[in-house]
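Next comes model-v2.txt, a file with compact mmCIF, C-alpha atoms.
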# COMPACT_ATOMS: atom_id res chain seq x y z
CA MET E 10 -13.41 48.68 -3.77
CA LEU E 11 -16.82 48.87 -5.47
CA GLU E 12 -15.74 46.69 -8.38
CA HIS E 13 -14.97 43.87 -5.95
CA LEU E 14 -18.42 43.86 -4.33
CA ASP E 15 -20.32 40.58 -4.63
CA ALA E 16 -24.00 40.98 -5.45
CA ALA E 17 -24.78 37.72 -3.65
CA HIS E 18 -23.45 39.20 -0.40
CA ALA E 19 -25.69 42.25 -0.86
CA VAL E 20 -28.69 39.95 -1.45
CA ALA E 21 -27.83 38.08 1.76
CA GLY E 22 -27.73 41.42 3.58
CA LEU E 23 -31.10 42.33 2.07
CA LEU E 24 -32.72 39.07 3.21
CA VAL E 25 -31.30 39.22 6.73
CA GLY E 26 -32.12 42.92 7.04
CA THR E 27 -35.72 42.25 6.03
CA LEU E 28 -36.04 39.48 8.63
CA VAL E 29 -34.58 41.73 11.32
CA GLY E 30 -37.08 44.42 10.42
CA LEU E 31 -39.96 41.92 10.48
CA THR E 32 -39.11 40.05 13.69
CA GLY E 33 -36.44 42.03 15.55
CA VAL E 34 -34.31 38.85 15.55
CA GLY E 35 -31.78 37.42 13.15
CA GLY E 36 -28.85 39.82 12.70
CA GLY E 37 -25.87 37.86 14.00
CA SER E 38 -27.96 34.71 14.37
CA LEU E 39 -28.47 34.46 10.61
CA MET E 40 -25.69 36.45 9.00
CA THR E 41 -22.73 34.61 10.51
CA PRO E 42 -24.00 31.07 9.67
CA ILE E 43 -24.93 32.26 6.15
CA LEU E 44 -21.39 33.57 5.63
CA VAL E 45 -19.83 30.37 6.99
CA LEU E 46 -22.15 27.69 5.60
CA ILE E 47 -23.16 29.21 2.23
CA PHE E 48 -20.30 31.52 1.25
CA GLY E 49 -17.46 29.58 2.91
CA VAL E 50 -16.09 32.60 4.76
CA ASN E 51 -13.53 31.83 7.49
CA PRO E 52 -15.41 31.69 10.84
CA GLY E 53 -13.22 34.33 12.47
CA THR E 54 -13.66 36.72 9.53
CA ALA E 55 -17.41 36.05 9.43
CA VAL E 56 -17.81 36.84 13.14
CA GLY E 57 -15.67 40.00 13.01
CA THR E 58 -17.35 41.36 9.87
CA ASP E 59 -20.81 40.59 11.23
CA LEU E 60 -20.04 42.38 14.51
CA LEU E 61 -19.18 45.63 12.74
CA PHE E 62 -22.17 45.09 10.43
CA ALA E 63 -24.39 44.82 13.53
CA SER E 64 -22.87 47.86 15.26
CA ILE E 65 -23.47 50.13 12.25
CA THR E 66 -27.04 48.97 11.65
CA LYS E 67 -27.98 49.11 15.34
CA ILE E 68 -26.71 52.67 15.69
CA PHE E 69 -29.64 53.74 13.51
CA GLY E 70 -32.03 51.50 15.44
CA SER E 71 -30.93 52.94 18.80
CA PHE E 72 -31.49 56.50 17.53
CA VAL E 73 -35.06 55.60 16.56
CA HIS E 74 -35.76 53.94 19.91
CA ASN E 75 -34.23 56.86 21.80
CA ARG E 76 -36.48 59.31 19.95
CA HIS E 77 -39.46 57.26 21.08
CA GLU E 78 -38.07 57.16 24.65
CA SER E 79 -37.92 53.35 24.56
CA VAL E 80 -34.38 52.97 25.95
CA ASP E 81 -33.72 52.46 29.66
CA TRP E 82 -30.21 53.92 29.88
CA LYS E 83 -29.69 52.72 33.46
CA ILE E 84 -30.20 49.09 32.44
CA MET E 85 -28.11 49.67 29.32
CA ARG E 86 -25.19 50.94 31.46
CA ARG E 87 -25.48 47.93 33.76
CA LEU E 88 -25.25 45.57 30.79
CA ALA E 89 -22.29 47.48 29.33
CA MET E 90 -20.45 47.32 32.69
CA GLY E 91 -20.31 43.55 32.20
CA SER E 92 -20.23 43.14 28.44
CA VAL E 93 -17.50 45.58 27.34
CA PRO E 94 -14.79 44.30 29.75
CA ALA E 95 -15.80 40.70 28.96
CA ALA E 96 -15.51 41.40 25.23
CA ILE E 97 -12.02 42.90 25.65
CA VAL E 98 -10.81 39.94 27.76
CA THR E 99 -12.32 37.42 25.32
CA LEU E 100 -10.72 39.07 22.28
CA ALA E 101 -7.37 39.25 24.07
CA ALA E 102 -7.60 35.49 24.68
CA VAL E 103 -8.51 34.85 21.02
CA SER E 104 -5.54 36.98 19.91
CA ILE E 105 -3.10 35.15 22.22
CA PHE E 106 -4.27 31.69 21.13
CA GLY E 107 -4.00 32.75 17.49
CA ARG E 108 -0.53 34.16 18.03
CA PHE E 109 0.65 30.82 19.37
CA GLY E 110 -0.55 29.14 16.18
CA LYS E 111 -3.58 27.34 17.64
CA ASP E 112 -6.51 26.98 15.29
CA THR E 113 -9.49 28.79 16.84
CA SER E 114 -11.92 28.14 13.98
CA GLN E 115 -13.34 24.96 15.53
CA VAL E 116 -13.86 26.71 18.87
CA ILE E 117 -15.71 29.55 17.11
CA LEU E 118 -17.88 27.09 15.18
CA THR E 119 -18.74 25.18 18.36
CA VAL E 120 -19.66 28.30 20.32
CA LEU E 121 -21.63 29.61 17.32
CA GLY E 122 -23.54 26.33 17.01
CA VAL E 123 -24.44 26.26 20.72
CA MET E 124 -25.52 29.91 20.69
CA LEU E 125 -27.72 29.32 17.63
CA VAL E 126 -29.50 26.41 19.35
CA ILE E 127 -30.08 28.53 22.48
CA THR E 128 -31.27 31.45 20.34
CA ALA E 129 -33.71 29.15 18.51
CA VAL E 130 -35.22 28.05 21.84
CA ALA E 131 -35.38 31.65 23.12
CA THR E 132 -37.02 32.80 19.87
CA LEU E 133 -39.62 30.03 19.82
CA PHE E 134 -40.58 30.11 23.51
CA GLN E 135 -39.97 33.78 24.33
CA LYS E 136 -43.62 34.58 25.06
CA GLN E 137 -44.03 31.53 27.32
CA ILE E 138 -40.80 32.35 29.21
CA VAL E 139 -41.90 35.95 29.76
CA ARG E 140 -45.38 34.84 30.87
CA PHE E 141 -43.74 32.54 33.43
CA ALA E 142 -41.45 35.32 34.72
CA ARG E 143 -44.31 37.79 35.11
CA GLY E 144 -46.24 35.27 37.18
CA HIS E 145 -43.51 35.11 39.84
CA GLU E 146 -42.00 37.49 42.35
CA ARG E 147 -40.12 40.39 40.80
CA LEU E 148 -36.61 41.38 41.79
CA LYS E 149 -36.19 44.79 43.38
CA ASP E 150 -34.20 47.18 41.21
CA SER E 151 -31.18 47.10 43.51
CA ARG E 152 -31.18 43.28 43.54
CA ALA E 153 -31.29 43.19 39.74
CA LEU E 154 -28.00 45.12 39.48
CA LEU E 155 -25.54 42.22 39.79
CA PRO E 156 -27.61 39.75 37.67
CA THR E 157 -27.80 42.40 34.92
CA ILE E 158 -24.02 42.98 35.00
CA ALA E 159 -23.49 39.20 34.96
CA LEU E 160 -25.85 38.89 31.97
CA GLY E 161 -23.82 41.58 30.19
CA ALA E 162 -20.59 39.69 30.88
CA LEU E 163 -22.05 36.45 29.49
CA LEU E 164 -23.31 38.25 26.38
CA GLY E 165 -19.98 40.05 25.95
CA GLY E 166 -18.01 36.80 25.90
CA ALA E 167 -20.48 34.89 23.73
CA VAL E 168 -21.03 37.71 21.22
CA SER E 169 -17.27 38.35 20.85
CA VAL E 170 -16.68 34.73 19.87
CA SER E 171 -19.85 33.96 17.89
CA SER E 172 -21.54 37.35 17.14
CA VAL E 173 -24.77 35.70 18.43
CA GLY E 174 -26.68 36.34 21.65
CA ALA E 175 -27.35 40.07 21.96
CA GLY E 176 -30.76 39.74 20.25
CA ALA E 177 -33.23 37.04 21.22
CA ILE E 178 -31.24 35.73 24.19
CA GLY E 179 -30.55 39.21 25.59
CA VAL E 180 -34.17 40.33 25.21
CA THR E 181 -35.55 37.16 26.79
CA ALA E 182 -33.20 37.41 29.79
CA LEU E 183 -34.00 41.11 30.29
CA LEU E 184 -37.72 40.39 30.17
CA MET E 185 -37.21 37.88 32.99
CA LEU E 186 -35.13 40.33 35.06
CA TYR E 187 -37.43 43.32 34.43
CA PRO E 188 -40.89 41.87 33.72
CA ALA E 189 -42.64 45.13 34.64
CA LEU E 190 -41.05 47.00 31.71
CA ARG E 191 -42.80 47.25 28.35
CA VAL E 192 -41.45 44.88 25.70
CA SER E 193 -40.69 47.82 23.38
CA ARG E 194 -38.52 49.39 26.10
CA ILE E 195 -36.65 46.13 26.67
CA VAL E 196 -36.04 45.75 22.92
CA GLY E 197 -34.86 49.37 22.65
CA THR E 198 -32.51 48.92 25.61
CA ASP E 199 -31.12 45.70 24.14
CA ILE E 200 -30.47 47.38 20.77
CA ALA E 201 -28.79 50.38 22.43
CA HIS E 202 -26.57 48.05 24.48
CA ALA E 203 -25.61 46.07 21.37
CA VAL E 204 -24.01 49.19 19.84
CA PRO E 205 -21.01 49.57 22.21
CA LEU E 206 -20.70 45.79 22.62
CA THR E 207 -20.58 44.97 18.90
CA MET E 208 -18.46 48.04 18.13
CA VAL E 209 -15.80 47.11 20.72
CA ALA E 210 -15.87 43.45 19.68
CA GLY E 211 -15.91 44.32 15.96
CA PHE E 212 -12.92 46.68 16.15
CA GLY E 213 -11.14 44.11 18.29
CA HIS E 214 -11.59 41.57 15.50
CA TRP E 215 -10.40 44.21 13.01
CA LEU E 216 -7.16 44.67 14.99
CA ILE E 217 -6.47 40.93 14.97
CA GLY E 218 -7.28 40.69 11.25
CA GLY E 219 -10.82 39.29 11.45
CA VAL E 220 -12.79 41.77 9.29
CA ASP E 221 -13.32 41.91 5.51
CA PRO E 222 -14.19 45.58 4.68
CA VAL E 223 -15.42 44.78 1.13
CA LEU E 224 -17.74 42.08 2.48
CA LEU E 225 -18.91 44.47 5.20
CA LEU E 226 -19.83 47.15 2.64
CA ALA E 227 -21.75 44.67 0.47
CA LEU E 228 -23.77 43.44 3.46
CA LEU E 229 -24.62 47.00 4.50
CA LEU E 230 -25.74 47.95 0.98
CA GLY E 231 -28.29 45.16 1.13
CA SER E 232 -29.32 45.31 4.78
CA ILE E 233 -30.19 49.01 5.08
CA PRO E 234 -33.09 48.90 2.57
CA GLY E 235 -34.00 45.45 3.90
CA VAL E 236 -34.40 46.69 7.48
CA ALA E 237 -36.49 49.62 6.24
CA ALA E 238 -38.77 47.35 4.19
CA GLY E 239 -39.12 44.79 6.96
CA SER E 240 -39.98 47.47 9.51
CA LEU E 241 -42.73 48.81 7.26
CA LEU E 242 -44.16 45.30 6.82
CA SER E 243 -43.79 44.26 10.46
CA THR E 244 -47.29 45.30 11.47
CA ARG E 245 -48.75 43.00 8.81
CA SER E 246 -46.42 40.04 9.30
CA PRO E 247 -47.86 36.81 10.75
CA ASP E 248 -45.67 36.44 13.85
CA HIS E 249 -47.10 32.99 14.61
CA ILE E 250 -45.63 31.79 11.29
CA LEU E 251 -42.43 33.83 11.04
CA ARG E 252 -41.15 33.15 14.57
CA PRO E 253 -41.34 29.30 14.38
CA ALA E 254 -39.84 29.40 10.87
CA LEU E 255 -36.95 31.58 12.05
CA ALA E 256 -36.41 29.31 15.08
CA ALA E 257 -36.30 26.25 12.79
CA VAL E 258 -33.66 27.87 10.54
CA LEU E 259 -31.54 28.85 13.56
CA LEU E 260 -31.83 25.36 15.06
CA ALA E 261 -30.90 23.67 11.76
CA SER E 262 -27.90 26.00 11.32
CA GLY E 263 -26.73 25.36 14.88
CA ILE E 264 -26.96 21.58 14.50
CA LYS E 265 -25.14 21.78 11.16
CA LEU E 266 -22.26 23.72 12.70
CA LEU E 267 -21.99 21.33 15.64
CA ASN E 268 -21.74 18.24 13.39
Show the structure stored in the file as structure tokens.
Amino acid sequence: MLEHLDAAHAVAGLLVGTLVGLTGVGGGSLMTPILVLIFGVNPGTAVGTDLLFASITKIFGSFVHNRHESVDWKIMRRLAMGSVPAAIVTLAAVSIFGRFGKDTSQVILTVLGVMLVITAVATLFQKQIVRFARGHERLKDSRALLPTIALGALLGGAVSVSSVGAGAIGVTALLMLYPALRVSRIVGTDIAHAVPLTMVAGFGHWLIGGVDPVLLLALLLGSIPGVAAGSLLSTRSPDHILRPALAAVLLASGIKLLN
């Protein structure tokens, strides 16, 4: 397998991993469009491979956040109650449509493009959205139960089709539902929730033939040192420059896929 690894894929993993470490955003949002637009990977294979790529990398991230007690497991379970069943139903639908010979690539590209545009907006205006939410009446914990499960279901469907949404969109929505929680705890909860979601969705894509294991290994070889390096540099990174630049790349990629 090693002789078939493409160094360019590892470099892509390194770049995306570094951005994730620097900003906390960009895993599925960048990797899938890079695979589709630059490397010409089939959209279904790109999404499935990226989902398993995300699940493996976020396992390590969730361990770190758990050690620092920055995961709210109650909120994580609420999200998973919606996202895991939604992912299974969505993948079953994709499998059935594929079995009947319908081309799902255009549907995947459309959903991916829309999710990238939404992610760009969430990334660029996240602080303003959170400031707005914190200035209004907060939901009681019991009243936040159903909206959180519904958010999980929306993320489960969207992530299963596009691999995008569990990062910037999930964090922004959680900050609006639970504005009293620290941002670090919201981020840790979102990362922990992404593990079962992306693992279920990724293995589902594997079962329907949507994962390239050689490509997956190459991406991981690059991303693991990239995430480590980006995390070390994150305290020195100019967020006011990186965040708008990342949003611009996501927006351009989304528009490109929708054309």
What does the distance between atom CA of E:Ala257 and atom CA of E:Leu133 come to in Å, to one decimal place?
->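 Pair atom CA of E:Ala257 / atom CA of E:Leu133 returns 8.6 Å.
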Counting only C-alpha atoms, the residue among E:Val170, E:Ala261, E:Val130, E:Ile217 that lies closest to E:Ile105 is E:Ile217
Taking only C-alpha atoms into account, which of E:Thr132, E:Ser79, E:Ser104, E:Thr41 comes nearest E:Gly176?
-> E:Thr132
In Å, how far is it from atom CA of E:Arg86 to atom CA of E:Ile138?
->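 If I compute the distance from atom CA of E:Arg86 to atom CA of E:Ile138, I get 24.4 Å.
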Taking (-24.6, 36.9, 19.4) in the file's coordinates, which residues come within 10 Å, counting all atoms listed in the file, written as a ChimeraX atom specification?
-> /E:35-39,41,56,59-60,63,120-121,124-125,128,164-179,203,207
Using only C-alpha atoms: which of E:Pro42, E:Gly161, E:Gly263, E:Pro188 has the shortest distance to E:Leu206 = E:Gly161
Fewer than 3 positions away in the same chain doesn't count, so skip those; otherwise give me all residues within 9 Å of stretch 12-24 of chain E, counting only C-alpha atoms, as a list of chain:residue names.
-> E:Thr27, E:Leu28, E:Val29, E:Met40, E:Ile43, E:Leu44, E:Phe48, E:Val223, E:Leu224, E:Leu225, E:Leu226, E:Ala227, E:Leu228, E:Leu229, E:Leu230, E:Gly231, E:Ser232, E:Ile233, E:Pro234, E:Gly235, E:Val236
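The gap separating atom CA of E:Asp81 from atom CA of E:Thr198 is 5.5 Å, in Å to one decimal.
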Nearest to E:Leu259 by atom-to-atom distance, counting all atoms listed in the file, from E:Gly219, E:Pro156, E:Gly122, E:Pro52 = E:Gly122
Contacts of E:Ser64 at 10 Å (only C-alpha atoms; same-chain gap of 5+ positions) as a list in words =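 What passes the distance filter is Asp59, Phe69, Gly70, Ile200, Ala201, His202, Ala203, Val204, Pro205, Leu206, Thr207, Met208, Val209, Ala210 and Gly211 of chain E.
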Could you tell me which of E:Leu46, E:Ile117, E:Ala159, E:Ala131 comes closest to E:Thr181 if we count all atoms listed in the file?
->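 That would be E:Ala131, the residue with the smallest distance to E:Thr181.
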Draw an axis-aligned box over all listed atoms of stretch 254-268 of chain E, pad each side with 6 Å, and write its centre and edge lengths in Å, one decimal, as JSON.
{"center_x": -30.8, "center_y": 24.9, "center_z": 13.1, "size_x": 30.1, "size_y": 25.3, "size_z": 17.1}
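Among the candidates E:Leu255, E:Val50, E:Leu260, E:Val80, the one nearest to E:Val25 when counting only C-alpha atoms is E:Leu255.
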Copy stretch 77-116 of chain E out of the block into a file, keeping N, CA and C atoms, as a PDB file, in the first residue's frame.
ATOM      1  N   HIS E  77      -8.957  17.991  29.685  1.00  0.00           N
ATOM      2  CA  HIS E  77      -9.074  19.350  30.207  1.00  0.00           C
ATOM      3  C   HIS E  77     -10.496  19.663  30.681  1.00  0.00           C
ATOM      4  N   GLU E  78     -11.346  18.623  30.750  1.00  0.00           N
ATOM      5  CA  GLU E  78     -12.732  18.759  31.206  1.00  0.00           C
ATOM      6  C   GLU E  78     -13.486  19.821  30.402  1.00  0.00           C
ATOM      7  N   SER E  79     -13.271  19.837  29.098  1.00  0.00           N
ATOM      8  CA  SER E  79     -13.938  20.813  28.233  1.00  0.00           C
ATOM      9  C   SER E  79     -14.927  20.145  27.283  1.00  0.00           C
ATOM     10  N   VAL E  80     -15.538  19.040  27.757  1.00  0.00           N
ATOM     11  CA  VAL E  80     -16.590  18.363  26.993  1.00  0.00           C
ATOM     12  C   VAL E  80     -17.826  18.269  27.876  1.00  0.00           C
ATOM     13  N   ASP E  81     -18.956  18.768  27.375  1.00  0.00           N
ATOM     14  CA  ASP E  81     -20.233  18.614  28.079  1.00  0.00           C
ATOM     15  C   ASP E  81     -20.903  17.371  27.497  1.00  0.00           C
ATOM     16  N   TRP E  82     -20.809  16.253  28.213  1.00  0.00           N
ATOM     17  CA  TRP E  82     -21.264  14.976  27.669  1.00  0.00           C
ATOM     18  C   TRP E  82     -22.778  14.918  27.553  1.00  0.00           C
ATOM     19  N   LYS E  83     -23.503  15.689  28.368  1.00  0.00           N
ATOM     20  CA  LYS E  83     -24.958  15.719  28.244  1.00  0.00           C
ATOM     21  C   LYS E  83     -25.376  16.331  26.910  1.00  0.00           C
ATOM     22  N   ILE E  84     -24.761  17.447  26.545  1.00  0.00           N
ATOM     23  CA  ILE E  84     -25.061  18.083  25.260  1.00  0.00           C
ATOM     24  C   ILE E  84     -24.594  17.190  24.117  1.00  0.00           C
ATOM     25  N   MET E  85     -23.455  16.551  24.293  1.00  0.00           N
ATOM     26  CA  MET E  85     -22.940  15.654  23.257  1.00  0.00           C
ATOM     27  C   MET E  85     -23.922  14.520  22.992  1.00  0.00           C
ATOM     28  N   ARG E  86     -24.497  13.940  24.065  1.00  0.00           N
ATOM     29  CA  ARG E  86     -25.473  12.849  23.893  1.00  0.00           C
ATOM     30  C   ARG E  86     -26.733  13.339  23.191  1.00  0.00           C
ATOM     31  N   ARG E  87     -27.168  14.558  23.524  1.00  0.00           N
ATOM     32  CA  ARG E  87     -28.340  15.123  22.859  1.00  0.00           C
ATOM     33  C   ARG E  87     -28.103  15.257  21.366  1.00  0.00           C
ATOM     34  N   LEU E  88     -26.944  15.762  20.989  1.00  0.00           N
ATOM     35  CA  LEU E  88     -26.615  15.898  19.569  1.00  0.00           C
ATOM     36  C   LEU E  88     -26.595  14.539  18.882  1.00  0.00           C
ATOM     37  N   ALA E  89     -25.958  13.553  19.540  1.00  0.00           N
ATOM     38  CA  ALA E  89     -25.834  12.218  18.945  1.00  0.00           C
ATOM     39  C   ALA E  89     -27.194  11.535  18.796  1.00  0.00           C
ATOM     40  N   MET E  90     -28.146  11.836  19.698  1.00  0.00           N
ATOM     41  CA  MET E  90     -29.492  11.270  19.586  1.00  0.00           C
ATOM     42  C   MET E  90     -30.151  11.667  18.271  1.00  0.00           C
ATOM     43  N   GLY E  91     -29.801  12.836  17.757  1.00  0.00           N
ATOM     44  CA  GLY E  91     -30.343  13.265  16.472  1.00  0.00           C
ATOM     45  C   GLY E  91     -29.467  12.913  15.295  1.00  0.00           C
ATOM     46  N   SER E  92     -28.137  13.048  15.478  1.00  0.00           N
ATOM     47  CA  SER E  92     -27.238  12.940  14.330  1.00  0.00           C
ATOM     48  C   SER E  92     -27.004  11.512  13.861  1.00  0.00           C
ATOM     49  N   VAL E  93     -26.828  10.570  14.787  1.00  0.00           N
ATOM     50  CA  VAL E  93     -26.507   9.188  14.387  1.00  0.00           C
ATOM     51  C   VAL E  93     -27.669   8.545  13.627  1.00  0.00           C
ATOM     52  N   PRO E  94     -28.922   8.605  14.132  1.00  0.00           N
ATOM     53  CA  PRO E  94     -30.028   8.054  13.332  1.00  0.00           C
ATOM     54  C   PRO E  94     -30.189   8.758  11.989  1.00  0.00           C
ATOM     55  N   ALA E  95     -30.004  10.099  11.977  1.00  0.00           N
ATOM     56  CA  ALA E  95     -30.132  10.841  10.718  1.00  0.00           C
ATOM     57  C   ALA E  95     -29.064  10.418   9.724  1.00  0.00           C
ATOM     58  N   ALA E  96     -27.859  10.159  10.210  1.00  0.00           N
ATOM     59  CA  ALA E  96     -26.779   9.711   9.329  1.00  0.00           C
ATOM     60  C   ALA E  96     -27.104   8.351   8.725  1.00  0.00           C
ATOM     61  N   ILE E  97     -27.629   7.437   9.547  1.00  0.00           N
ATOM     62  CA  ILE E  97     -27.963   6.091   9.057  1.00  0.00           C
ATOM     63  C   ILE E  97     -29.055   6.159   7.995  1.00  0.00           C
ATOM     64  N   VAL E  98     -30.098   6.959   8.255  1.00  0.00           N
ATOM     65  CA  VAL E  98     -31.200   7.099   7.290  1.00  0.00           C
ATOM     66  C   VAL E  98     -30.691   7.733   5.989  1.00  0.00           C
ATOM     67  N   THR E  99     -29.866   8.760   6.113  1.00  0.00           N
ATOM     68  CA  THR E  99     -29.339   9.440   4.928  1.00  0.00           C
ATOM     69  C   THR E  99     -28.492   8.499   4.081  1.00  0.00           C
ATOM     70  N   LEU E 100     -27.622   7.723   4.723  1.00  0.00           N
ATOM     71  CA  LEU E 100     -26.763   6.799   3.979  1.00  0.00           C
ATOM     72  C   LEU E 100     -27.575   5.677   3.348  1.00  0.00           C
ATOM     73  N   ALA E 101     -28.629   5.243   4.033  1.00  0.00           N
ATOM     74  CA  ALA E 101     -29.508   4.229   3.437  1.00  0.00           C
ATOM     75  C   ALA E 101     -30.151   4.769   2.169  1.00  0.00           C
ATOM     76  N   ALA E 102     -30.570   6.041   2.198  1.00  0.00           N
ATOM     77  CA  ALA E 102     -31.171   6.663   1.014  1.00  0.00           C
ATOM     78  C   ALA E 102     -30.163   6.773  -0.117  1.00  0.00           C
ATOM     79  N   VAL E 103     -28.918   7.182   0.213  1.00  0.00           N
ATOM     80  CA  VAL E 103     -27.864   7.283  -0.802  1.00  0.00           C
ATOM     81  C   VAL E 103     -27.597   5.922  -1.423  1.00  0.00           C
ATOM     82  N   SER E 104     -27.566   4.871  -0.595  1.00  0.00           N
ATOM     83  CA  SER E 104     -27.310   3.515  -1.089  1.00  0.00           C
ATOM     84  C   SER E 104     -28.426   3.050  -2.021  1.00  0.00           C
ATOM     85  N   ILE E 105     -29.691   3.330  -1.652  1.00  0.00           N
ATOM     86  CA  ILE E 105     -30.824   2.908  -2.474  1.00  0.00           C
ATOM     87  C   ILE E 105     -30.816   3.622  -3.820  1.00  0.00           C
ATOM     88  N   PHE E 106     -30.586   4.946  -3.798  1.00  0.00           N
ATOM     89  CA  PHE E 106     -30.562   5.694  -5.054  1.00  0.00           C
ATOM     90  C   PHE E 106     -29.436   5.191  -5.951  1.00  0.00           C
ATOM     91  N   GLY E 107     -28.283   4.890  -5.335  1.00  0.00           N
ATOM     92  CA  GLY E 107     -27.161   4.390  -6.123  1.00  0.00           C
ATOM     93  C   GLY E 107     -27.460   3.032  -6.716  1.00  0.00           C
ATOM     94  N   ARG E 108     -28.166   2.212  -5.940  1.00  0.00           N
ATOM     95  CA  ARG E 108     -28.470   0.852  -6.395  1.00  0.00           C
ATOM     96  C   ARG E 108     -29.390   0.873  -7.612  1.00  0.00           C
ATOM     97  N   PHE E 109     -30.254   1.898  -7.652  1.00  0.00           N
ATOM     98  CA  PHE E 109     -31.153   1.994  -8.799  1.00  0.00           C
ATOM     99  C   PHE E 109     -30.518   2.727  -9.983  1.00  0.00           C
ATOM    100  N   GLY E 110     -29.209   2.966  -9.901  1.00  0.00           N
ATOM    101  CA  GLY E 110     -28.482   3.518 -11.033  1.00  0.00           C
ATOM    102  C   GLY E 110     -28.562   5.015 -11.175  1.00  0.00           C
ATOM    103  N   LYS E 111     -29.129   5.735 -10.209  1.00  0.00           N
ATOM    104  CA  LYS E 111     -29.198   7.189 -10.301  1.00  0.00           C
ATOM    105  C   LYS E 111     -27.869   7.794  -9.888  1.00  0.00           C
ATOM    106  N   ASP E 112     -27.458   8.798 -10.638  1.00  0.00           N
ATOM    107  CA  ASP E 112     -26.178   9.452 -10.351  1.00  0.00           C
ATOM    108  C   ASP E 112     -26.369  10.422  -9.192  1.00  0.00           C
ATOM    109  N   THR E 113     -25.701  10.154  -8.067  1.00  0.00           N
ATOM    110  CA  THR E 113     -25.832  11.014  -6.888  1.00  0.00           C
ATOM    111  C   THR E 113     -24.729  12.053  -6.795  1.00  0.00           C
ATOM    112  N   SER E 114     -23.773  12.041  -7.727  1.00  0.00           N
ATOM    113  CA  SER E 114     -22.644  12.976  -7.632  1.00  0.00           C
ATOM    114  C   SER E 114     -23.092  14.433  -7.652  1.00  0.00           C
ATOM    115  N   GLN E 115     -24.054  14.763  -8.524  1.00  0.00           N
ATOM    116  CA  GLN E 115     -24.493  16.152  -8.625  1.00  0.00           C
ATOM    117  C   GLN E 115     -25.210  16.588  -7.351  1.00  0.00           C
ATOM    118  N   VAL E 116     -25.966  15.682  -6.748  1.00  0.00           N
ATOM    119  CA  VAL E 116     -26.630  16.000  -5.481  1.00  0.00           C
ATOM    120  C   VAL E 116     -25.597  16.284  -4.400  1.00  0.00           C
TER     121      VAL E 116
END
